[in-house]
Each structure stands twice: as structure tokens, then as C-alpha cells.
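Note: the block below is query.pdb and it holds PDB, C-alpha atoms.
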```pdb
MODEL        1
ATOM      1  CA  MET A   1      66.684 112.452 111.305
ATOM      2  CA  GLU A   2      68.191 115.875 112.004
ATOM      3  CA  LYS A   3      71.296 116.969 110.176
ATOM      4  CA  LEU A   4      74.608 116.486 111.935
ATOM      5  CA  THR A   5      76.779 119.572 112.402
ATOM      6  CA  VAL A   6      80.290 119.259 110.979
ATOM      7  CA  ILE A   7      83.050 121.766 111.801
ATOM      8  CA  ASP A   8      85.724 121.678 109.091
ATOM      9  CA  LEU A   9      89.177 123.055 109.907
ATOM     10  CA  MET A  10      90.573 122.591 106.383
ATOM     11  CA  THR A  11      92.464 125.757 105.363
ATOM     12  CA  LEU A  12      92.057 125.263 101.609
ATOM     13  CA  PRO A  13      90.470 128.359  99.966
ATOM     14  CA  ASP A  14      86.717 128.240  99.274
ATOM     15  CA  GLU A  15      86.719 127.606  95.513
ATOM     16  CA  PRO A  16      88.975 124.502  95.486
ATOM     17  CA  TYR A  17      87.379 123.351  98.751
ATOM     18  CA  TYR A  18      83.864 123.180  97.311
ATOM     19  CA  GLU A  19      85.211 121.589  94.120
ATOM     20  CA  PHE A  20      86.890 118.999  96.351
ATOM     21  CA  MET A  21      83.612 118.261  98.158
ATOM     22  CA  GLU A  22      81.377 118.347  95.075
ATOM     23  CA  GLY A  23      79.651 115.017  94.579
ATOM     24  CA  TYR A  24      80.766 113.606  97.946
ATOM     25  CA  MET A  25      79.234 115.713 100.698
ATOM     26  CA  ASP A  26      75.586 114.849 101.450
ATOM     27  CA  TYR A  27      74.062 118.174 102.445
ATOM     28  CA  ASP A  28      70.801 116.451 103.374
ATOM     29  CA  ARG A  29      72.645 114.719 106.212
ATOM     30  CA  PHE A  30      75.282 117.256 107.209
ATOM     31  CA  GLU A  31      75.549 120.961 107.866
ATOM     32  CA  ILE A  32      79.113 122.119 107.198
ATOM     33  CA  LEU A  33      80.681 125.080 108.993
ATOM     34  CA  ARG A  34      84.132 126.060 107.766
ATOM     35  CA  ALA A  35      86.360 127.257 110.608
ATOM     36  CA  GLY A  36      89.926 126.666 109.425
ATOM     37  CA  LYS A  37      90.870 130.335 109.478
ATOM     38  CA  GLU A  38      89.096 131.138 112.746
ATOM     39  CA  PRO A  39      91.045 131.757 115.995
ATOM     40  CA  GLU A  40      91.032 129.024 118.622
ATOM     41  CA  ASN A  41      88.442 130.737 120.829
ATOM     42  CA  ARG A  42      86.009 130.966 117.916
ATOM     43  CA  VAL A  43      86.550 127.301 117.041
ATOM     44  CA  CYS A  44      85.780 126.458 120.675
ATOM     45  CA  GLU A  45      82.466 128.272 120.373
ATOM     46  CA  LEU A  46      81.580 126.505 117.122
ATOM     47  CA  VAL A  47      82.595 123.008 118.262
ATOM     48  CA  LYS A  48      80.493 123.213 121.422
ATOM     49  CA  ASP A  49      77.387 121.880 119.649
ATOM     50  CA  ALA A  50      79.124 120.040 116.800
ATOM     51  CA  ASP A  51      78.758 116.331 116.070
ATOM     52  CA  ILE A  52      81.874 115.889 113.913
ATOM     53  CA  LEU A  53      85.172 117.772 113.627
ATOM     54  CA  LEU A  54      87.314 117.518 110.489
ATOM     55  CA  SER A  55      90.993 118.299 111.027
ATOM     56  CA  ASP A  56      93.114 120.370 108.649
ATOM     57  CA  PRO A  57      95.109 118.249 106.167
ATOM     58  CA  TYR A  58      97.530 121.169 105.778
ATOM     59  CA  HIS A  59      98.202 121.129 109.549
ATOM     60  CA  ARG A  60      97.850 124.904 109.917
ATOM     61  CA  THR A  61      94.915 124.763 112.372
ATOM     62  CA  HIS A  62      95.487 122.279 115.194
ATOM     63  CA  VAL A  63      92.883 120.404 117.214
ATOM     64  CA  THR A  64      94.032 121.503 120.636
ATOM     65  CA  LYS A  65      93.161 120.360 124.129
ATOM     66  CA  LYS A  66      91.103 123.532 124.563
ATOM     67  CA  ILE A  67      89.061 122.825 121.421
ATOM     68  CA  ILE A  68      88.390 119.214 122.368
ATOM     69  CA  GLU A  69      87.416 120.116 125.922
ATOM     70  CA  ALA A  70      84.936 122.692 124.550
ATOM     71  CA  ALA A  71      83.095 119.998 122.560
ATOM     72  CA  GLU A  72      80.029 118.742 124.398
ATOM     73  CA  LYS A  73      78.627 116.131 122.006
ATOM     74  CA  LEU A  74      81.406 115.366 119.511
ATOM     75  CA  LYS A  75      81.107 111.871 118.048
ATOM     76  CA  LEU A  76      84.191 111.875 115.791
ATOM     77  CA  ILE A  77      87.376 113.748 114.935
ATOM     78  CA  GLN A  78      88.168 112.797 111.345
ATOM     79  CA  CYS A  79      91.470 113.385 109.519
ATOM     80  CA  TYR A  80      91.393 113.905 105.753
ATOM     81  CA  THR A  81      94.746 112.158 105.309
ATOM     82  CA  ILE A  82      96.949 109.995 107.542
ATOM     83  CA  GLY A  83      98.684 112.406 109.939
ATOM     84  CA  PHE A  84      97.156 113.032 113.360
ATOM     85  CA  ASP A  85     100.055 114.590 115.301
ATOM     86  CA  ASP A  86      98.282 117.964 115.186
ATOM     87  CA  ILE A  87      95.416 116.529 117.278
ATOM     88  CA  ASP A  88      95.565 116.199 121.061
ATOM     89  CA  ILE A  89      95.003 112.447 120.978
ATOM     90  CA  GLU A  90      95.247 112.017 124.740
ATOM     91  CA  THR A  91      92.498 114.531 125.464
ATOM     92  CA  ALA A  92      90.269 112.971 122.794
ATOM     93  CA  ARG A  93      90.864 109.542 124.330
ATOM     94  CA  ASP A  94      90.074 110.824 127.820
ATOM     95  CA  LYS A  95      86.780 112.248 126.551
ATOM     96  CA  GLY A  96      85.915 109.063 124.682
ATOM     97  CA  ILE A  97      86.001 110.772 121.270
ATOM     98  CA  PRO A  98      87.300 108.535 118.467
ATOM     99  CA  VAL A  99      89.938 109.986 116.149
ATOM    100  CA  ALA A 100      90.062 108.383 112.694
ATOM    101  CA  ASN A 101      92.435 108.881 109.789
ATOM    102  CA  ASN A 102      92.410 107.834 106.134
ATOM    103  CA  ALA A 103      95.286 105.370 106.293
ATOM    104  CA  GLY A 104      96.618 104.235 102.935
ATOM    105  CA  ILE A 105      95.362 107.031 100.708
ATOM    106  CA  THR A 106      98.783 108.703 100.340
ATOM    107  CA  ALA A 107     100.823 105.559  99.668
ATOM    108  CA  LYS A 108     101.042 105.834  95.873
ATOM    109  CA  PRO A 109     102.126 109.481  95.477
ATOM    110  CA  MET A 110     104.520 109.253  98.423
ATOM    111  CA  ALA A 111     106.125 106.095  97.039
ATOM    112  CA  GLU A 112     106.543 107.813  93.672
ATOM    113  CA  TYR A 113     108.107 110.831  95.378
ATOM    114  CA  THR A 114     110.510 108.610  97.324
ATOM    115  CA  ILE A 115     111.717 106.762  94.238
ATOM    116  CA  MET A 116     112.003 110.041  92.300
ATOM    117  CA  ALA A 117     114.031 111.589  95.139
ATOM    118  CA  ALA A 118     116.271 108.530  95.385
ATOM    119  CA  MET A 119     117.086 108.724  91.689
ATOM    120  CA  TYR A 120     117.477 112.512  91.747
ATOM    121  CA  LEU A 121     120.041 112.250  94.534
ATOM    122  CA  THR A 122     121.957 109.149  93.437
ATOM    123  CA  LYS A 123     122.191 110.178  89.774
ATOM    124  CA  SER A 124     123.640 113.641  90.557
ATOM    125  CA  ILE A 125     120.906 115.362  88.549
ATOM    126  CA  LYS A 126     121.252 118.712  90.319
ATOM    127  CA  PHE A 127     125.050 118.739  89.982
ATOM    128  CA  ALA A 128     124.849 117.969  86.267
ATOM    129  CA  HIS A 129     122.059 120.452  85.543
ATOM    130  CA  ASP A 130     123.451 123.346  87.588
ATOM    131  CA  ASN A 131     126.850 123.054  85.962
ATOM    132  CA  LEU A 132     125.511 122.632  82.445
ATOM    133  CA  VAL A 133     123.384 125.781  82.529
ATOM    134  CA  LYS A 134     126.470 127.669  83.746
ATOM    135  CA  GLY A 135     128.368 126.433  80.698
ATOM    136  CA  ASN A 136     130.385 123.737  82.479
ATOM    137  CA  TRP A 137     130.638 120.357  80.697
ATOM    138  CA  THR A 138     131.030 117.898  83.580
ATOM    139  CA  GLN A 139     130.948 114.567  81.749
ATOM    140  CA  LEU A 140     134.370 113.530  83.087
ATOM    141  CA  GLN A 141     133.521 114.595  86.645
ATOM    142  CA  LEU A 142     130.367 112.493  86.427
ATOM    143  CA  SER A 143     132.528 109.475  85.582
ATOM    144  CA  THR A 144     134.235 109.446  88.970
ATOM    145  CA  ALA A 145     133.278 109.529  92.645
ATOM    146  CA  PRO A 146     131.619 111.253  94.420
ATOM    147  CA  GLU A 147     129.386 112.472  91.571
ATOM    148  CA  ILE A 148     129.190 109.313  89.482
ATOM    149  CA  PRO A 149     125.502 108.377  88.919
ATOM    150  CA  LEU A 150     124.404 105.107  90.475
ATOM    151  CA  GLU A 151     121.992 102.481  89.202
ATOM    152  CA  LEU A 152     119.028 102.141  91.542
ATOM    153  CA  GLY A 153     119.048  98.368  91.136
ATOM    154  CA  SER A 154     122.529  98.152  92.623
ATOM    155  CA  GLN A 155     121.513  99.967  95.806
ATOM    156  CA  THR A 156     120.203  98.709  99.138
ATOM    157  CA  LEU A 157     117.025 100.521 100.089
ATOM    158  CA  GLY A 158     116.261 100.708 103.789
ATOM    159  CA  ILE A 159     112.746 101.477 104.988
ATOM    160  CA  VAL A 160     112.093 102.564 108.573
ATOM    161  CA  GLY A 161     108.349 102.238 109.084
ATOM    162  CA  CYS A 162     106.817  99.712 106.717
ATOM    163  CA  GLY A 163     103.083 100.378 106.819
ATOM    164  CA  ASN A 164     101.020 101.247 103.738
ATOM    165  CA  ILE A 165     103.526 103.812 102.464
ATOM    166  CA  GLY A 166     106.629 101.782 103.204
ATOM    167  CA  GLN A 167     105.162  98.708 101.529
ATOM    168  CA  GLU A 168     104.223 100.694  98.420
ATOM    169  CA  ILE A 169     107.774 102.085  98.278
ATOM    170  CA  ALA A 170     109.070  98.518  98.478
ATOM    171  CA  ARG A 171     106.713  97.377  95.728
ATOM    172  CA  VAL A 172     107.857 100.099  93.342
ATOM    173  CA  ALA A 173     111.542  99.793  94.261
ATOM    174  CA  SER A 174     111.500  96.036  93.720
ATOM    175  CA  THR A 175     110.793  96.598  90.023
ATOM    176  CA  PHE A 176     114.240  98.234  89.765
ATOM    177  CA  GLY A 177     115.912  95.254  91.412
ATOM    178  CA  CYS A 178     116.850  96.962  94.702
ATOM    179  CA  LYS A 179     117.739  94.933  97.732
ATOM    180  CA  ILE A 180     115.162  96.041 100.304
ATOM    181  CA  ILE A 181     115.642  95.891 104.057
ATOM    182  CA  TYR A 182     113.251  97.277 106.622
ATOM    183  CA  HIS A 183     112.499  97.881 110.256
ATOM    184  CA  ASN A 184     109.014  98.181 111.686
ATOM    185  CA  ARG A 185     107.660  98.246 115.220
ATOM    186  CA  ASN A 186     106.250  94.803 114.466
ATOM    187  CA  GLN A 187     107.701  92.442 111.891
ATOM    188  CA  LEU A 188     105.408  91.974 108.905
ATOM    189  CA  PRO A 189     103.800  88.609 108.095
ATOM    190  CA  GLU A 190     105.992  86.254 106.084
ATOM    191  CA  GLU A 191     103.579  86.442 103.129
ATOM    192  CA  ILE A 192     104.108  90.199 102.780
ATOM    193  CA  GLU A 193     107.896  89.906 103.219
ATOM    194  CA  THR A 194     108.036  87.248 100.495
ATOM    195  CA  ARG A 195     105.796  89.156  98.096
ATOM    196  CA  LEU A 196     107.788  92.376  98.464
ATOM    197  CA  ASN A 197     111.246  90.771  98.814
ATOM    198  CA  LEU A 198     111.707  92.352 102.234
ATOM    199  CA  GLU A 199     114.352  91.465 104.815
ATOM    200  CA  TYR A 200     113.584  92.399 108.421
ATOM    201  CA  LEU A 201     116.469  93.857 110.453
ATOM    202  CA  SER A 202     116.924  95.942 113.568
ATOM    203  CA  ARG A 203     116.694  99.700 113.102
ATOM    204  CA  GLU A 204     120.425 100.001 113.777
ATOM    205  CA  GLU A 205     121.188  97.451 111.047
ATOM    206  CA  VAL A 206     118.896  99.179 108.553
ATOM    207  CA  LEU A 207     120.664 102.500 109.143
ATOM    208  CA  SER A 208     124.151 101.043 108.801
ATOM    209  CA  LYS A 209     123.454  98.911 105.712
ATOM    210  CA  SER A 210     121.282 101.206 103.569
ATOM    211  CA  ASP A 211     122.490 103.139 100.542
ATOM    212  CA  ILE A 212     119.099 104.861 100.477
ATOM    213  CA  LEU A 213     117.164 105.319 103.722
ATOM    214  CA  SER A 214     113.457 106.165 103.660
ATOM    215  CA  ILE A 215     111.765 107.376 106.863
ATOM    216  CA  ASN A 216     108.046 106.513 107.008
ATOM    217  CA  VAL A 217     106.895 106.575 110.619
ATOM    218  CA  PRO A 218     104.267 108.759 112.318
ATOM    219  CA  LEU A 219     105.399 111.460 114.748
ATOM    220  CA  THR A 220     104.808 110.150 118.268
ATOM    221  CA  ASP A 221     106.610 110.419 121.598
ATOM    222  CA  GLU A 222     108.446 107.247 120.575
ATOM    223  CA  THR A 223     109.660 108.554 117.194
ATOM    224  CA  ARG A 224     110.328 112.208 118.026
ATOM    225  CA  ASP A 225     114.039 112.999 117.389
ATOM    226  CA  MET A 226     114.518 109.365 116.355
ATOM    227  CA  ILE A 227     117.230 110.222 113.810
ATOM    228  CA  GLY A 228     119.910 112.411 115.391
ATOM    229  CA  VAL A 229     123.693 112.822 115.403
ATOM    230  CA  LYS A 230     124.406 109.245 116.496
ATOM    231  CA  GLU A 231     122.002 107.657 114.012
ATOM    232  CA  LEU A 232     123.170 109.779 111.078
ATOM    233  CA  GLY A 233     126.771 108.993 111.962
ATOM    234  CA  SER A 234     125.986 105.271 111.827
ATOM    235  CA  MET A 235     124.728 105.521 108.244
ATOM    236  CA  LYS A 236     126.969 104.430 105.360
ATOM    237  CA  LYS A 237     129.261 107.122 104.000
ATOM    238  CA  GLY A 238     127.821 108.341 100.696
ATOM    239  CA  SER A 239     124.271 107.208 101.454
ATOM    240  CA  VAL A 240     121.142 109.335 101.101
ATOM    241  CA  LEU A 241     118.212 109.975 103.425
ATOM    242  CA  ILE A 242     114.614 110.676 102.396
ATOM    243  CA  ASN A 243     112.117 111.966 104.961
ATOM    244  CA  THR A 244     108.463 112.293 103.963
ATOM    245  CA  SER A 245     107.032 111.506 107.409
ATOM    246  CA  ARG A 246     107.297 114.417 109.870
ATOM    247  CA  GLY A 247     109.940 117.027 110.534
ATOM    248  CA  GLY A 248     110.295 116.299 114.244
ATOM    249  CA  ILE A 249     111.620 112.813 113.521
ATOM    250  CA  VAL A 250     114.939 113.843 111.947
ATOM    251  CA  ASP A 251     117.228 116.404 113.617
ATOM    252  CA  GLU A 252     117.569 119.044 110.879
ATOM    253  CA  LYS A 253     120.809 120.533 112.257
ATOM    254  CA  ALA A 254     122.433 117.109 112.574
ATOM    255  CA  LEU A 255     121.305 116.233 109.050
ATOM    256  CA  ALA A 256     122.728 119.488 107.693
ATOM    257  CA  ASP A 257     126.069 118.762 109.389
ATOM    258  CA  ALA A 258     126.169 115.248 107.914
ATOM    259  CA  LEU A 259     125.494 116.678 104.454
ATOM    260  CA  MET A 260     128.049 119.488 104.714
ATOM    261  CA  SER A 261     130.744 117.129 105.971
ATOM    262  CA  GLY A 262     130.222 114.838 102.981
ATOM    263  CA  HIS A 263     129.272 111.882 105.170
ATOM    264  CA  LEU A 264     125.915 111.753 103.391
ATOM    265  CA  ARG A 265     125.698 112.141  99.625
ATOM    266  CA  GLY A 266     122.342 113.876  99.806
ATOM    267  CA  ALA A 267     118.921 114.138 101.386
ATOM    268  CA  ALA A 268     115.346 114.784 100.304
ATOM    269  CA  VAL A 269     113.152 116.453 102.917
ATOM    270  CA  ASP A 270     109.449 117.107 102.421
ATOM    271  CA  VAL A 271     108.608 117.852 106.060
ATOM    272  CA  PHE A 272     110.043 120.295 108.573
ATOM    273  CA  LYS A 273     109.955 120.764 112.327
ATOM    274  CA  ASP A 274     108.587 124.312 112.229
ATOM    275  CA  GLU A 275     106.754 124.301 108.897
ATOM    276  CA  PRO A 276     105.692 126.499 107.234
ATOM    277  CA  ASP A 277     108.257 128.798 108.925
ATOM    278  CA  LEU A 278     111.659 127.736 107.574
ATOM    279  CA  SER A 279     113.580 130.795 108.770
ATOM    280  CA  GLY A 280     115.593 128.690 111.211
ATOM    281  CA  CYS A 281     115.969 125.560 109.078
ATOM    282  CA  ALA A 282     119.630 124.531 108.746
ATOM    283  CA  LEU A 283     118.974 122.715 105.456
ATOM    284  CA  ILE A 284     118.150 125.832 103.470
ATOM    285  CA  GLY A 285     120.905 126.738 100.987
ATOM    286  CA  LEU A 286     122.674 123.370 100.879
ATOM    287  CA  ASP A 287     123.516 122.071  97.410
ATOM    288  CA  ASN A 288     122.987 118.373  98.092
ATOM    289  CA  VAL A 289     119.393 118.509  99.295
ATOM    290  CA  LEU A 290     116.002 118.344  97.635
ATOM    291  CA  LEU A 291     113.499 120.366  99.685
ATOM    292  CA  THR A 292     109.747 120.423  99.046
ATOM    293  CA  PRO A 293     106.827 121.993 101.003
ATOM    294  CA  HIS A 294     105.121 118.933 102.549
ATOM    295  CA  SER A 295     103.743 118.138  99.109
ATOM    296  CA  SER A 296     104.848 114.553  98.461
ATOM    297  CA  ALA A 297     101.296 113.259  98.976
ATOM    298  CA  ILE A 298      99.469 115.828  96.850
ATOM    299  CA  SER A 299      97.741 114.688  93.656
ATOM    300  CA  PRO A 300      94.274 114.959  92.093
ATOM    301  CA  ASP A 301      93.748 111.288  92.904
ATOM    302  CA  ILE A 302      94.411 111.735  96.593
ATOM    303  CA  PHE A 303      91.779 114.477  96.791
ATOM    304  CA  VAL A 304      89.252 112.003  95.409
ATOM    305  CA  ARG A 305      90.307 109.298  97.865
ATOM    306  CA  ALA A 306      90.314 111.734 100.792
ATOM    307  CA  ALA A 307      86.758 112.859 100.027
ATOM    308  CA  LYS A 308      85.496 109.283  99.627
ATOM    309  CA  TYR A 309      87.141 107.944 102.797
ATOM    310  CA  THR A 310      86.092 110.960 104.859
ATOM    311  CA  MET A 311      82.477 110.751 103.740
ATOM    312  CA  GLU A 312      82.477 107.016 104.423
ATOM    313  CA  ASN A 313      83.107 107.697 108.114
ATOM    314  CA  LEU A 314      80.749 110.675 108.284
ATOM    315  CA  ASN A 315      77.961 108.510 106.895
ATOM    316  CA  ARG A 316      78.777 105.740 109.364
ATOM    317  CA  ILE A 317      78.350 108.212 112.229
ATOM    318  CA  TYR A 318      75.053 109.416 110.754
ATOM    319  CA  GLU A 319      73.854 105.815 110.496
ATOM    320  CA  GLY A 320      74.902 104.990 114.066
ATOM    321  CA  LYS A 321      77.830 102.755 113.022
ATOM    322  CA  PRO A 322      81.347 102.902 114.507
ATOM    323  CA  PRO A 323      83.904 104.756 112.341
ATOM    324  CA  LEU A 324      86.695 102.959 110.531
ATOM    325  CA  ARG A 325      90.460 103.464 110.930
ATOM    326  CA  ILE A 326      90.392 104.720 114.539
ATOM    327  CA  VAL A 327      93.896 105.716 115.739
ATOM    328  CA  ASN A 328      93.225 106.287 119.453
TER     329      ASN A 328
ENDMDL
END
```
Could I get this file's structure written as C-alpha cells?
Amino acid sequence: MEKLTVIDLMTLPDEPYYEFMEGYMDYDRFEILRAGKEPENRVCELVKDADILLSDPYHRTHVTKKIIEAAEKLKLIQCYTIGFDDIDIETARDKGIPVANNAGITAKPMAEYTIMAAMYLTKSIKFAHDNLVKGNWTQLQLSTAPEIPLELGSQTLGIVGCGNIGQEIARVASTFGCKIIYHNRNQLPEEIETRLNLEYLSREEVLSKSDILSINVPLTDETRDMIGVKELGSMKKGSVLINTSRGGIVDEKALADALMSGHLRGAAVDVFKDEPDLSGCALIGLDNVLLTPHSSAISPDIFVRAAKYTMENLNRIYEGKPPLRIVN
């Protein structure tokens, strides 16, 4: 059988890219053309005769309507990780091209990040550290509100979006003794709720009752701007918000206002509306935020899982089988 042509939009530099693929890519089956740094018109030329298109896990190069329409025999658009908001899903659906992601592979590192961020914010780590290195001994200040450190087990953790990531967050948080409430588009089976000690509530109830709120939903038309002024105002005074999903879900200006007013104790934000350009981000410079560059899912282990899951679907296409984890 002839090799299948794969256009890869990953923007990782060559050396780590080929290390990432070493041992997983079957070059007897696939011819790989890297196009992540090419302009859209060039990608359109390359994808014309391609069989498979791999999207960029760093979300720098998008799979646009123009690119998809230029493809004449594309059998699959494959995501390395879980996010697919940088792909024109509607156009792919109209052309009958399946889009597949690697659901579940980021759950462990993102759950660890969420718990780390929750503890960082509720234990006033930044306040204590920043003052100490300036020569200020703040032990007495840390014994009273609003800076007093909190025990994670005494907090109510609210999860909005309880798929693979949300469930892993719940699993880890339950070991600390947290009360865990959640909202999901569909209520989870009773077996999962019992195993993870989850209580299902409306989204409004989760916002108003959580000491720690974790946002874990994909960016869709339904979730865009889901957390704005009204929603942030409904949260408990002194609570914290953690967003590792997508920047367009939480209104950054509204979040900054809630933090500056003292209504929220803190926030951890790993994703931004206009990333990587943060020149207009209202959260920059605030003392009570933890900001990271869309890196909560990165680990050596996830690279291994991403390569394995991606190659699983590529091989299924080569063998004439339907791909797994289709999102459209």
C-alpha cells in the first residue's frame, strides 16, 4: 500500500519534535510534511493532496475554513491533545472530515496543577514569600483574615465541567477531604458520583457555594463568556477561581475587577483570550493571581501519551478503520 501523506502543523522546533516522534511514527506507512510555520496559503497548497492533517497542540497555527476547503482527499484531522477550538469544526463536518482529539491524556498534570494552584492561593504562599524576602516577618498577619492560610480539607471545591480532567481533579482533591460539588452538561452516572464523592448541583449553585472553583469545559459557542460579571459576583466572597480550560470562557476584565475589589481571594489562570499576546490582559500585574503560559498540561508523560494516541488513529486510517475519539 502507498504511504499516506501527513501534514503536521505542530510548531515545536525540529529537534524536540523528532525526539517526540522517535519510536512512534511509522515512516513505512506515512510521509510527514511539517508545515506549522508556513503561511496559510502554503498550508492550503500542501493539504490539497494530504490524507491526514495534524493540528498544532500549541494553538499557534489554526486549521481554518480556507485550509479545510483546500483539502481534496483528507481522511482525518487529528489533535495531539484535547483542545479543538482552533479547528473550523463546522467546515470539517460539512465536508465529511472527522476531527479526533486525544481526550483524557492531560487529566493527570492538569489535576495536579489545579490542586497546586488551589493550595498556593488559599495558603497565601505568595504573600508570605514576597514579604519575607523583603525582610517583613508576617507571622501575625498570617494568623488573621484575609491572609490566614486555609486547610484544603475544610474547603468546598466546585468543578464546572466534570469530564476526564474534572473527575481526576475530584479524585485527587478527595484525598484531602474536600467537599466536592460539580456541574456538567449531563449528570454523571451514580457509580462515578459515589466513587468520587461528587454532589451534582446547578451551575449557579456550584458558583455560589464553592470556596475553590475549577473551570474545565471546552470553548464552544455555549461556553464562550460563560463566566462574566454576574457569575463572578455570585461567587462566595473570599473564594478562588482556577481556569485551565480556555481564555474565552472567563471574562478577564471582570475577573480582574473581582480580584482588585477583594471579592475574590485569588485566581489561577493558565489560559488567555488573546494568547500568546498578553499586552491587553487586565490580569497582568495583580498580586493575587497565579499566571502561567498555557502550560498546565505539559509533562514528559503527556508527550508519550500524545504520540501513542495520535499514532493509534493514524494507523487506524492506514488500515481502513474508523478513528477513535471523534469530536464532530
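Residues matching the PyMOL selection byres ((chain A and resi 145-155) around 8) in this structure come to A:Ala118, A:Met119, A:Thr122, A:Lys123, A:Ser124, A:Phe127, A:Gln141, A:Leu142, A:Ser143, A:Thr144, A:Thr156, A:Leu157, A:Phe176, A:Gly177, A:Cys178, A:Lys179, A:Ser210, A:Asp211, A:Ile212, A:Gly238, A:Arg265.
Note that atom CA of A:Arg185 and atom CA of A:Ala173 are 21.4 Å apart.
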Might you spell out which residues the PyMOL selection byres ((chain A and resi 302-311) around 10) would select in the displayed file, as number ranges by chain? A: 20-26, 54, 57, 78-82, 100-109, 297-301, 312-317, 323-325
Straight-line distance linking atom CA of A:Glu2 with atom CA of A:Arg29, stated in Å to one decimal: 7.4 Å
Write out as an mmCIF file with C-alpha atoms, in the coordinates of the input each polymer residue whose atoms come within 6 Å of stretch 228-232 of chain A, counting only C-alpha atoms; drop sequence neighbours fewer than 2 positions from it.
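The resulting file, around_10.cif, is shown below:
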```
data_model
loop_
_atom_site.group_PDB
_atom_site.id
_atom_site.type_symbol
_atom_site.label_atom_id
_atom_site.label_comp_id
_atom_site.auth_asym_id
_atom_site.auth_seq_id
_atom_site.Cartn_x
_atom_site.Cartn_y
_atom_site.Cartn_z
ATOM 1 C CA SER A 234 125.986 105.271 111.827
ATOM 2 C CA MET A 235 124.728 105.521 108.244
ATOM 3 C CA ASP A 251 117.228 116.404 113.617
ATOM 4 C CA ALA A 254 122.433 117.109 112.574
#
```
Need the shell around A:Asn41: protein/DNA/RNA residues with any atom at most 12 Å away, counting only C-alpha atoms. Skip same-chain ones fewer than 6 positions apart. Format as a list in words? Ala35, Val47, Lys48, Val63, Thr64, Lys65, Lys66, Ile67, Ile68, Glu69 and Ala70 of chain A
Selection in question (the file shown): the PyMOL selection byres ((chain A and resi 10-16) around 7). Which residues does it include, as a PDB file with C-alpha atoms, in the frame of the given file?
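expr_2.pdb, freshly written:
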```
ATOM      1  CA  ASP A   8      85.724 121.678 109.091  1.00  0.00           C
ATOM      2  CA  LEU A   9      89.177 123.055 109.907  1.00  0.00           C
ATOM      3  CA  TYR A  17      87.379 123.351  98.751  1.00  0.00           C
ATOM      4  CA  TYR A  18      83.864 123.180  97.311  1.00  0.00           C
ATOM      5  CA  GLU A  19      85.211 121.589  94.120  1.00  0.00           C
ATOM      6  CA  PHE A  20      86.890 118.999  96.351  1.00  0.00           C
ATOM      7  CA  GLY A  36      89.926 126.666 109.425  1.00  0.00           C
ATOM      8  CA  LYS A  37      90.870 130.335 109.478  1.00  0.00           C
ATOM      9  CA  SER A  55      90.993 118.299 111.027  1.00  0.00           C
ATOM     10  CA  ASP A  56      93.114 120.370 108.649  1.00  0.00           C
ATOM     11  CA  PRO A  57      95.109 118.249 106.167  1.00  0.00           C
ATOM     12  CA  TYR A  58      97.530 121.169 105.778  1.00  0.00           C
TER      13      TYR A  58
END
```
